[in-house]
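Colleague: Take a look at data-v4.csv, CSV, C-alpha atoms:
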chain,number,residue,atom,x,y,z
R,1,MET,CA,36.2,144.3,-26.3
R,2,GLU,CA,37.8,141.0,-26.7
R,3,ASN,CA,41.2,142.5,-26.0
R,4,LYS,CA,39.9,144.0,-22.8
R,5,ASN,CA,38.6,140.7,-21.7
R,6,ASN,CA,42.0,139.1,-22.4
R,7,GLN,CA,43.8,141.6,-20.3
R,8,GLN,CA,41.4,141.0,-17.4
R,9,ASP,CA,42.0,137.3,-17.7
R,10,LYS,CA,45.8,137.8,-17.6
R,11,LYS,CA,45.4,140.0,-14.5
R,12,LYS,CA,43.4,137.4,-12.8
R,13,GLN,CA,46.0,134.7,-13.7
R,14,LEU,CA,48.8,137.0,-12.4
R,15,VAL,CA,46.9,137.6,-9.2
R,16,VAL,CA,46.4,133.8,-8.8
R,17,VAL,CA,50.2,133.2,-9.4
R,18,VAL,CA,51.1,135.9,-6.9
R,19,LEU,CA,48.8,134.3,-4.3
R,20,ILE,CA,50.2,130.9,-5.0
R,21,ILE,CA,53.8,132.2,-4.6
R,22,ALA,CA,52.7,133.9,-1.4
R,23,VAL,CA,51.2,130.8,-0.1
R,24,ILE,CA,54.3,128.8,-1.0
R,25,ALA,CA,56.5,131.3,0.7
R,26,VAL,CA,54.3,131.2,3.9
R,27,ILE,CA,54.4,127.4,3.8
R,28,GLY,CA,58.2,127.5,3.4
R,29,PHE,CA,58.6,129.9,6.3
R,30,VAL,CA,56.4,127.9,8.6
R,31,THR,CA,58.2,124.7,7.6
R,32,SER,CA,61.6,126.3,8.1
R,33,GLY,CA,60.5,127.5,11.6
R,34,ASN,CA,59.3,124.1,12.5
R,35,ASP,CA,62.5,122.5,11.4
R,36,LYS,CA,64.6,124.9,13.4
R,37,LYS,CA,62.4,124.3,16.4
R,38,SER,CA,62.8,120.6,15.9
R,39,ASP,CA,66.5,121.0,15.7
R,40,ASP,CA,66.5,123.2,18.8
R,41,GLN,CA,64.5,120.5,20.6
R,42,VAL,CA,67.0,117.8,19.4
R,43,VAL,CA,69.9,119.9,20.6
R,44,GLY,CA,68.2,120.7,23.9
R,45,SER,CA,67.3,117.0,24.3
R,46,THR,CA,70.9,116.1,23.6
R,47,GLN,CA,72.2,118.6,26.1
R,48,ILE,CA,69.7,117.4,28.7
R,49,SER,CA,70.7,113.8,28.0
R,50,GLU,CA,74.4,114.7,28.2
R,51,SER,CA,73.7,116.6,31.5
R,52,THR,CA,71.8,113.7,32.8
R,53,SER,CA,74.6,111.3,31.8
R,54,GLU,CA,77.1,113.6,33.5
R,55,SER,CA,75.0,113.9,36.6
R,56,GLU,CA,74.6,110.1,36.7
R,57,ALA,CA,78.3,109.7,36.2
R,58,MET,CA,79.0,112.2,39.1
R,59,GLN,CA,76.5,110.4,41.3
R,60,THR,CA,78.2,107.1,40.4
R,61,GLU,CA,81.6,108.6,41.2
R,62,ILE,CA,80.3,110.0,44.5
R,63,ILE,CA,78.8,106.6,45.4
R,64,THR,CA,81.9,104.8,44.4
R,65,THR,CA,84.0,107.3,46.4
R,66,GLU,CA,81.8,107.0,49.4
R,67,ALA,CA,81.9,103.2,49.2
R,68,THR,CA,85.7,103.2,48.8
R,69,THR,CA,86.0,105.7,51.7
R,70,LYS,CA,83.7,103.6,53.8
R,71,GLU,CA,85.6,100.5,53.0
R,72,THR,CA,88.8,102.2,53.8
R,73,THR,CA,87.8,103.9,57.0
R,74,THR,CA,85.6,101.1,58.4
R,75,GLN,CA,87.6,99.2,60.9
R,76,LYS,CA,87.5,95.5,60.6
R,77,PRO,CA,86.6,93.6,63.8
R,78,THR,CA,89.7,92.4,65.6
R,79,THR,CA,90.0,88.8,66.6
R,80,THR,CA,92.1,87.4,69.4
R,81,LYS,CA,94.5,85.0,68.0
R,82,ALA,CA,95.5,81.9,69.9
R,83,PRO,CA,98.9,82.3,71.5
R,84,GLU,CA,101.6,81.2,69.2
R,85,THR,CA,103.6,78.4,70.6
R,86,GLU,CA,107.2,77.4,70.0
R,87,ALA,CA,108.2,73.8,69.5
R,88,PRO,CA,109.0,72.2,72.9
R,89,PHE,CA,112.6,71.7,73.7
R,90,SER,CA,114.0,68.2,73.7
R,91,GLU,CA,116.0,68.1,77.0
R,92,PRO,CA,114.8,65.1,79.1
R,93,TRP,CA,114.8,67.1,82.3
R,94,ARG,CA,111.9,69.2,81.0
R,95,GLN,CA,109.5,66.3,80.6
R,96,ALA,CA,110.7,64.9,84.0
R,97,TYR,CA,110.1,68.2,85.8
R,98,ALA,CA,106.7,68.8,84.0
R,99,ASP,CA,105.4,65.4,85.1
R,100,TYR,CA,106.8,65.9,88.6
R,101,VAL,CA,105.0,69.3,89.0
R,102,LYS,CA,101.6,67.8,88.0
R,103,LYS,CA,102.1,65.0,90.6
R,104,ALA,CA,103.2,67.4,93.3
R,105,ALA,CA,100.2,69.7,92.7
R,106,LYS,CA,97.9,66.8,93.5
R,107,GLU,CA,99.9,66.3,96.8
R,108,GLY,CA,99.2,69.8,98.0
R,109,TYR,CA,102.1,71.8,96.7
R,110,ASN,CA,101.0,75.1,95.3
R,111,SER,CA,104.1,77.2,94.6
R,112,PHE,CA,106.5,76.4,91.8
R,113,ASN,CA,109.8,77.9,90.5
R,114,LEU,CA,112.9,77.1,88.5
R,115,ILE,CA,116.1,78.3,90.1
R,116,TYR,CA,119.8,77.8,89.5
R,117,VAL,CA,121.4,76.5,92.6
R,118,ASP,CA,124.5,74.8,91.3
R,119,ASN,CA,126.6,75.9,88.3
R,120,ASP,CA,125.4,73.6,85.5
R,121,ASP,CA,122.9,74.4,82.7
R,122,VAL,CA,120.0,72.5,84.2
R,123,PRO,CA,117.9,74.5,86.7
R,124,GLU,CA,116.6,73.1,90.0
R,125,LEU,CA,112.9,72.8,90.7
R,126,PHE,CA,111.4,74.4,93.8
R,127,LEU,CA,108.0,73.4,95.3
R,128,GLY,CA,106.3,75.1,98.2
R,129,SER,CA,103.3,74.2,100.1
R,130,GLY,CA,102.7,77.2,102.4
R,131,ILE,CA,102.4,74.7,105.3
R,132,GLU,CA,105.2,74.4,107.8
R,133,ALA,CA,104.5,70.7,108.5
R,134,THR,CA,104.6,69.9,104.8
R,135,GLY,CA,107.6,72.1,104.1
R,136,GLU,CA,109.3,72.8,100.9
R,137,ARG,CA,111.1,70.6,98.4
R,138,LEU,CA,114.1,71.1,96.1
R,139,CYS,CA,114.7,68.9,93.2
R,140,THR,CA,117.7,68.5,90.8
R,141,TYR,CA,118.0,66.5,87.7
R,142,HIS,CA,121.1,64.3,87.5
R,143,ASN,CA,122.0,61.3,85.3
R,144,GLY,CA,118.5,61.0,84.0
R,145,LYS,CA,116.8,61.0,87.4
R,146,ILE,CA,115.2,63.6,89.7
R,147,VAL,CA,116.9,63.8,93.1
R,148,GLU,CA,114.8,65.5,95.8
R,149,GLN,CA,115.4,67.1,99.1
R,150,THR,CA,112.5,67.9,101.5
R,151,LEU,CA,112.9,70.7,104.0
R,152,TYR,CA,110.4,70.3,106.8
R,153,ARG,CA,108.9,73.0,109.1
R,154,THR,CA,110.6,75.6,107.1
R,155,TYR,CA,110.2,79.3,107.6
R,156,SER,CA,112.2,80.3,104.6
R,157,THR,CA,114.7,78.7,102.2
R,158,SER,CA,117.4,80.7,100.4
R,159,TYR,CA,120.2,80.0,98.1
R,160,ILE,CA,123.3,81.6,96.6
R,161,GLU,CA,122.9,81.3,92.8
R,162,ASN,CA,125.4,79.0,91.0
R,163,SER,CA,127.2,78.2,94.3
R,164,GLY,CA,125.3,75.1,95.3
R,165,LEU,CA,124.7,76.6,98.8
R,166,ILE,CA,121.3,76.4,100.3
R,167,GLN,CA,120.1,77.6,103.8
R,168,ASN,CA,116.9,76.4,105.4
R,169,TYR,CA,115.6,78.2,108.4
R,170,TYR,CA,113.0,76.3,110.3
R,171,GLY,CA,111.4,76.1,113.7
R,172,SER,CA,108.7,74.8,116.0
R,173,GLN,CA,107.5,75.5,119.6
R,174,GLY,CA,110.4,77.6,120.8
R,175,CYS,CA,113.1,75.7,119.0
R,176,TYR,CA,114.7,77.1,115.9
R,177,GLY,CA,117.1,75.5,113.5
R,178,ILE,CA,119.4,76.4,110.6
R,179,GLU,CA,120.5,73.9,107.9
R,180,ILE,CA,123.1,74.6,105.3
R,181,TYR,CA,123.3,72.3,102.3
R,182,LYS,CA,125.7,72.0,99.4
R,183,LEU,CA,124.3,70.7,96.1
R,184,GLN,CA,127.0,69.1,94.0
R,185,ASN,CA,127.2,66.2,91.6
R,186,GLY,CA,123.4,65.6,92.0
R,187,LYS,CA,123.5,65.2,95.8
R,188,PHE,CA,122.3,67.5,98.6
R,189,GLU,CA,125.0,67.3,101.2
R,190,MET,CA,124.4,68.7,104.7
R,191,LEU,CA,127.3,70.9,105.7
R,192,HIS,CA,126.2,72.5,109.0
R,193,THR,CA,123.3,72.4,111.4
R,194,ALA,CA,122.6,74.9,114.1
R,195,TYR,CA,120.0,74.6,116.8
R,196,ILE,CA,118.6,77.3,119.1
R,197,GLU,CA,116.2,76.6,121.9
R,198,GLU,CA,114.5,79.1,124.2
R,199,GLY,CA,111.7,78.6,126.6
R,200,TYR,CA,110.5,78.0,130.1
R,201,SER,CA,111.0,74.8,132.0
R,202,GLU,CA,108.1,73.9,134.2
R,203,ASP,CA,110.2,71.2,135.7
R,204,TYR,CA,112.8,73.6,136.9
R,205,GLY,CA,110.7,76.7,137.0
R,206,GLU,CA,113.1,78.8,135.0
R,207,PHE,CA,113.8,80.0,131.5
R,208,TYR,CA,116.4,78.3,129.5
R,209,SER,CA,118.3,78.9,126.3
R,210,GLY,CA,120.9,77.0,124.4
R,211,CYS,CA,122.8,77.3,121.1
R,212,TYR,CA,124.4,74.4,119.3
R,213,LEU,CA,126.4,74.3,116.1
R,214,ASP,CA,127.1,70.9,114.6
R,215,LYS,CA,126.0,69.3,117.9
R,216,LYS,CA,128.4,71.4,119.9
R,217,GLU,CA,127.2,74.1,122.3
R,218,ILE,CA,128.2,77.6,121.3
R,219,LEU,CA,127.5,81.2,122.4
R,220,ARG,CA,124.7,82.9,120.4
R,221,GLU,CA,127.0,85.7,119.1
R,222,ASP,CA,129.5,83.1,118.0
R,223,LEU,CA,126.8,81.1,116.3
R,224,ASP,CA,125.7,84.1,114.2
R,225,ARG,CA,129.2,84.9,113.2
R,226,LYS,CA,129.9,81.3,112.1
R,227,ILE,CA,126.6,81.0,110.1
R,228,ALA,CA,127.5,84.3,108.3
R,229,GLU,CA,130.9,82.7,107.4
R,230,TYR,CA,129.2,79.6,106.0
R,231,PHE,CA,126.4,81.3,104.1
R,232,ASP,CA,126.5,85.0,103.0
R,233,ALA,CA,122.9,86.1,103.3
R,234,ASN,CA,123.7,89.3,101.4
R,235,LYS,CA,124.2,87.3,98.2
R,236,ALA,CA,121.2,85.0,98.7
R,237,LYS,CA,117.8,84.8,97.0
R,238,PHE,CA,114.7,83.2,98.3
R,239,THR,CA,113.4,80.1,96.6
R,240,TYR,CA,109.9,81.6,96.3
R,241,GLU,CA,110.9,84.7,94.4
R,242,ASN,CA,109.0,84.9,91.1
R,243,ALA,CA,107.3,81.6,91.9
R,244,THR,CA,103.8,80.8,90.4
R,245,ASP,CA,100.8,78.9,91.8
R,246,ASP,CA,99.6,77.8,88.3
R,247,SER,CA,101.0,74.3,88.1
R,248,GLU,CA,99.4,73.6,84.7
R,249,SER,CA,100.8,76.6,82.9
R,250,PHE,CA,104.1,76.2,84.7
R,251,ALA,CA,104.4,72.6,83.4
R,252,TYR,CA,103.8,73.8,79.8
R,253,GLU,CA,106.4,76.5,80.2
R,254,ILE,CA,108.9,74.0,81.4
R,255,MET,CA,108.4,72.1,78.2
R,256,GLY,CA,109.3,75.3,76.3
R,257,TYR,CA,105.8,76.4,75.3
R,258,SER,CA,105.1,80.2,75.4
R,259,PHE,CA,101.7,81.8,75.6
For the file at hand, write its structure as structure tokens.
Modeller:
Amino acid sequence: MENKNNQQDKKKQLVVVVLIIAVIAVIGFVTSGNDKKSDDQVVGSTQISESTSESEAMQTEIITTEATTKETTTQKPTTTKAPETEAPFSEPWRQAYADYVKKAAKEGYNSFNLIYVDNDDVPELFLGSGIEATGERLCTYHNGKIVEQTLYRTYSTSYIENSGLIQNYYGSQGCYGIEIYKLQNGKFEMLHTAYIEEGYSEDYGEFYSGCYLDKKEILREDLDRKIAEYFDANKAKFTYENATDDSESFAYEIMGYSF
């Protein structure tokens, strides 16, 4: 009887041991699953973090690229620079002409030009008024001074470049004249004068005409031929060609400034 009871107690103990082992196994399995899940979560979190970092890096790169592109393609506003100027030349005639132009502009002259009448390196200064009574003026610079020649009641003044020759054609009330000058050694020398008059004489009741060359009467056809010999109009230029009416800018340009 006692042996039977002992066997039953052993069976009970064995059952308890088996149950304990089973419980331990279940606990171990659950714990292992939780650990794996935790590891998967860690791995997933790491992947998400890496993906997020890569995404942020891509966004940063895109932003940087856009900023660089914008900086590269955006046109900077252009600014108008002040005209560069060269140092003025030192020749004394330049300052003399510049001062003369400013003074002449106040006197009513409104057309200005530099021309080469004679054959030296210093140009002549032309001034026009647009008014016959005021006429035109030619200036040359010689021995430190300005020498001027005023041409009154002029219709047009022309010159043959580097020859010194100047022709002034003028007129008033039916009387017309031609003056031919020679500029040399700083002087305007009158070479020839021609005078043509045409009109009606109330005193005599008839038309009259007359031609004179150097104060001597001459036929009109002979006068034209002589003038052509003295001054070849085919080689001539007009003094007003390329002239300007801006006295202030012209004075600066004479000094050697460029705009």
Colleague: Which residue gives the smallest distance to Val117 in chain R among R:Ala104, R:Leu213, R:Leu223, R:Ile160, with all atoms listed in the file counted?
Modeller: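 Looking only at the distances to Val117 in chain R, the closest residue turns out to be R:Ile160.
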Colleague: Compile the contact shell of range 126-132 of chain R as a ChimeraX atom specification: residues with an atom at most 10 Å away, counting only C-alpha atoms, same-chain residues fewer than 6 positions apart removed.
Modeller: /R:101,104-105,107-115,138-140,148-157,170-172,239-240,243-245
Colleague: What does the distance between CA of Tyr169 in chain R and CA of Asp222 in chain R come to in Å, to one decimal place?
Modeller: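 A separation of 17.6 Å between them.
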Colleague: Which residues are close to Asp214 in chain R, i.e. within 6 Å by all atoms listed in the file, leaving aside same-chain residues fewer than 2 positions away? Reply as a ChimeraX atom specification.
Modeller: /R:192-193,216
Colleague: Work out how far apart CA of Lys187 in chain R and CA of Ala236 in chain R are and give it in Å to one decimal.
Modeller: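 Taking CA of Lys187 in chain R and CA of Ala236 in chain R, their separation equals 20.1 Å.
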Colleague: Need to verify the contact set: range 89-98 of chain R, 9 Å, all atoms listed in the file, exclusion of same-chain residues closer than 6 positions in sequence. Can you return it as a PyMOL selection string?
Modeller: chain R and resi 122+125+139+141-142+144-146+247-248+250-257
Colleague: I need the chosen residues saved as a short mmCIF file (atom, residue, chain, number, x, y, z; two decimals), keeping the file's coordinate frame, with C-alpha atoms.
Modeller:
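Resulting contents of result32.cif:
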data_model
loop_
_atom_site.label_atom_id
_atom_site.label_comp_id
_atom_site.auth_asym_id
_atom_site.auth_seq_id
_atom_site.Cartn_x
_atom_site.Cartn_y
_atom_site.Cartn_z
CA VAL R 122 120.00 72.50 84.20
CA LEU R 125 112.90 72.80 90.70
CA CYS R 139 114.70 68.90 93.20
CA TYR R 141 118.00 66.50 87.70
CA HIS R 142 121.10 64.30 87.50
CA GLY R 144 118.50 61.00 84.00
CA LYS R 145 116.80 61.00 87.40
CA ILE R 146 115.20 63.60 89.70
CA SER R 247 101.00 74.30 88.10
CA GLU R 248 99.40 73.60 84.70
CA PHE R 250 104.10 76.20 84.70
CA ALA R 251 104.40 72.60 83.40
CA TYR R 252 103.80 73.80 79.80
CA GLU R 253 106.40 76.50 80.20
CA ILE R 254 108.90 74.00 81.40
CA MET R 255 108.40 72.10 78.20
CA GLY R 256 109.30 75.30 76.30
CA TYR R 257 105.80 76.40 75.30
#
Colleague: Counting all atoms listed in the file, which residues have an atom no more than 12 Å from (128.3, 66.4, 92.1) in the file's coordinates? Please list them as a list in words.
Modeller: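 In the file's frame, the residues around the point are Asp118, Asn119, Asp120, Thr140, Tyr141, His142, Asn143, Val147, Gly164, Lys182, Leu183, Gln184, Asn185, Gly186, Lys187, Phe188 and Glu189 of chain R.
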Colleague: Could you jot down the CA of Asn242 in chain R to CA of Ala133 in chain R separation for me, Å, one decimal place?
Modeller: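 One can read the CA of Asn242 in chain R to CA of Ala133 in chain R distance as 22.9 Å.
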Colleague: Any chance you could build range 230-243 of chain R out to N, CA and C atoms and write it as a PDB file, in the coordinates of the input?
Modeller:
ATOM      1  N   TYR R 230     129.622  80.730 106.820  1.00  0.00           N
ATOM      2  CA  TYR R 230     129.200  79.600 106.000  1.00  0.00           C
ATOM      3  C   TYR R 230     128.292  79.969 104.843  1.00  0.00           C
ATOM      4  N   PHE R 231     127.463  80.967 105.119  1.00  0.00           N
ATOM      5  CA  PHE R 231     126.400  81.300 104.100  1.00  0.00           C
ATOM      6  C   PHE R 231     126.238  82.851 104.150  1.00  0.00           C
ATOM      7  N   ASP R 232     126.627  83.511 103.060  1.00  0.00           N
ATOM      8  CA  ASP R 232     126.500  85.000 103.000  1.00  0.00           C
ATOM      9  C   ASP R 232     125.105  85.357 102.553  1.00  0.00           C
ATOM     10  N   ALA R 233     124.313  85.765 103.536  1.00  0.00           N
ATOM     11  CA  ALA R 233     122.900  86.100 103.300  1.00  0.00           C
ATOM     12  C   ALA R 233     122.749  87.287 102.341  1.00  0.00           C
ATOM     13  N   ASN R 234     123.759  88.139 102.256  1.00  0.00           N
ATOM     14  CA  ASN R 234     123.700  89.300 101.400  1.00  0.00           C
ATOM     15  C   ASN R 234     123.679  88.935  99.898  1.00  0.00           C
ATOM     16  N   LYS R 235     124.158  87.764  99.577  1.00  0.00           N
ATOM     17  CA  LYS R 235     124.200  87.300  98.200  1.00  0.00           C
ATOM     18  C   LYS R 235     123.040  86.344  97.860  1.00  0.00           C
ATOM     19  N   ALA R 236     122.227  86.085  98.825  1.00  0.00           N
ATOM     20  CA  ALA R 236     121.200  85.000  98.700  1.00  0.00           C
ATOM     21  C   ALA R 236     119.923  85.520  98.044  1.00  0.00           C
ATOM     22  N   LYS R 237     119.202  84.563  97.495  1.00  0.00           N
ATOM     23  CA  LYS R 237     117.800  84.800  97.000  1.00  0.00           C
ATOM     24  C   LYS R 237     116.923  83.779  97.645  1.00  0.00           C
ATOM     25  N   PHE R 238     115.661  84.161  97.763  1.00  0.00           N
ATOM     26  CA  PHE R 238     114.700  83.200  98.300  1.00  0.00           C
ATOM     27  C   PHE R 238     114.138  82.337  97.200  1.00  0.00           C
ATOM     28  N   THR R 239     113.857  81.107  97.566  1.00  0.00           N
ATOM     29  CA  THR R 239     113.400  80.100  96.600  1.00  0.00           C
ATOM     30  C   THR R 239     112.029  80.520  95.987  1.00  0.00           C
ATOM     31  N   TYR R 240     111.225  81.266  96.745  1.00  0.00           N
ATOM     32  CA  TYR R 240     109.900  81.600  96.300  1.00  0.00           C
ATOM     33  C   TYR R 240     109.811  82.847  95.421  1.00  0.00           C
ATOM     34  N   GLU R 241     110.950  83.512  95.214  1.00  0.00           N
ATOM     35  CA  GLU R 241     110.900  84.700  94.400  1.00  0.00           C
ATOM     36  C   GLU R 241     110.518  84.347  92.948  1.00  0.00           C
ATOM     37  N   ASN R 242     109.516  85.078  92.420  1.00  0.00           N
ATOM     38  CA  ASN R 242     109.000  84.900  91.100  1.00  0.00           C
ATOM     39  C   ASN R 242     108.334  83.487  90.884  1.00  0.00           C
ATOM     40  N   ALA R 243     107.953  82.865  91.973  1.00  0.00           N
ATOM     41  CA  ALA R 243     107.300  81.600  91.900  1.00  0.00           C
ATOM     42  C   ALA R 243     105.830  81.774  91.399  1.00  0.00           C
TER      43      ALA R 243
END
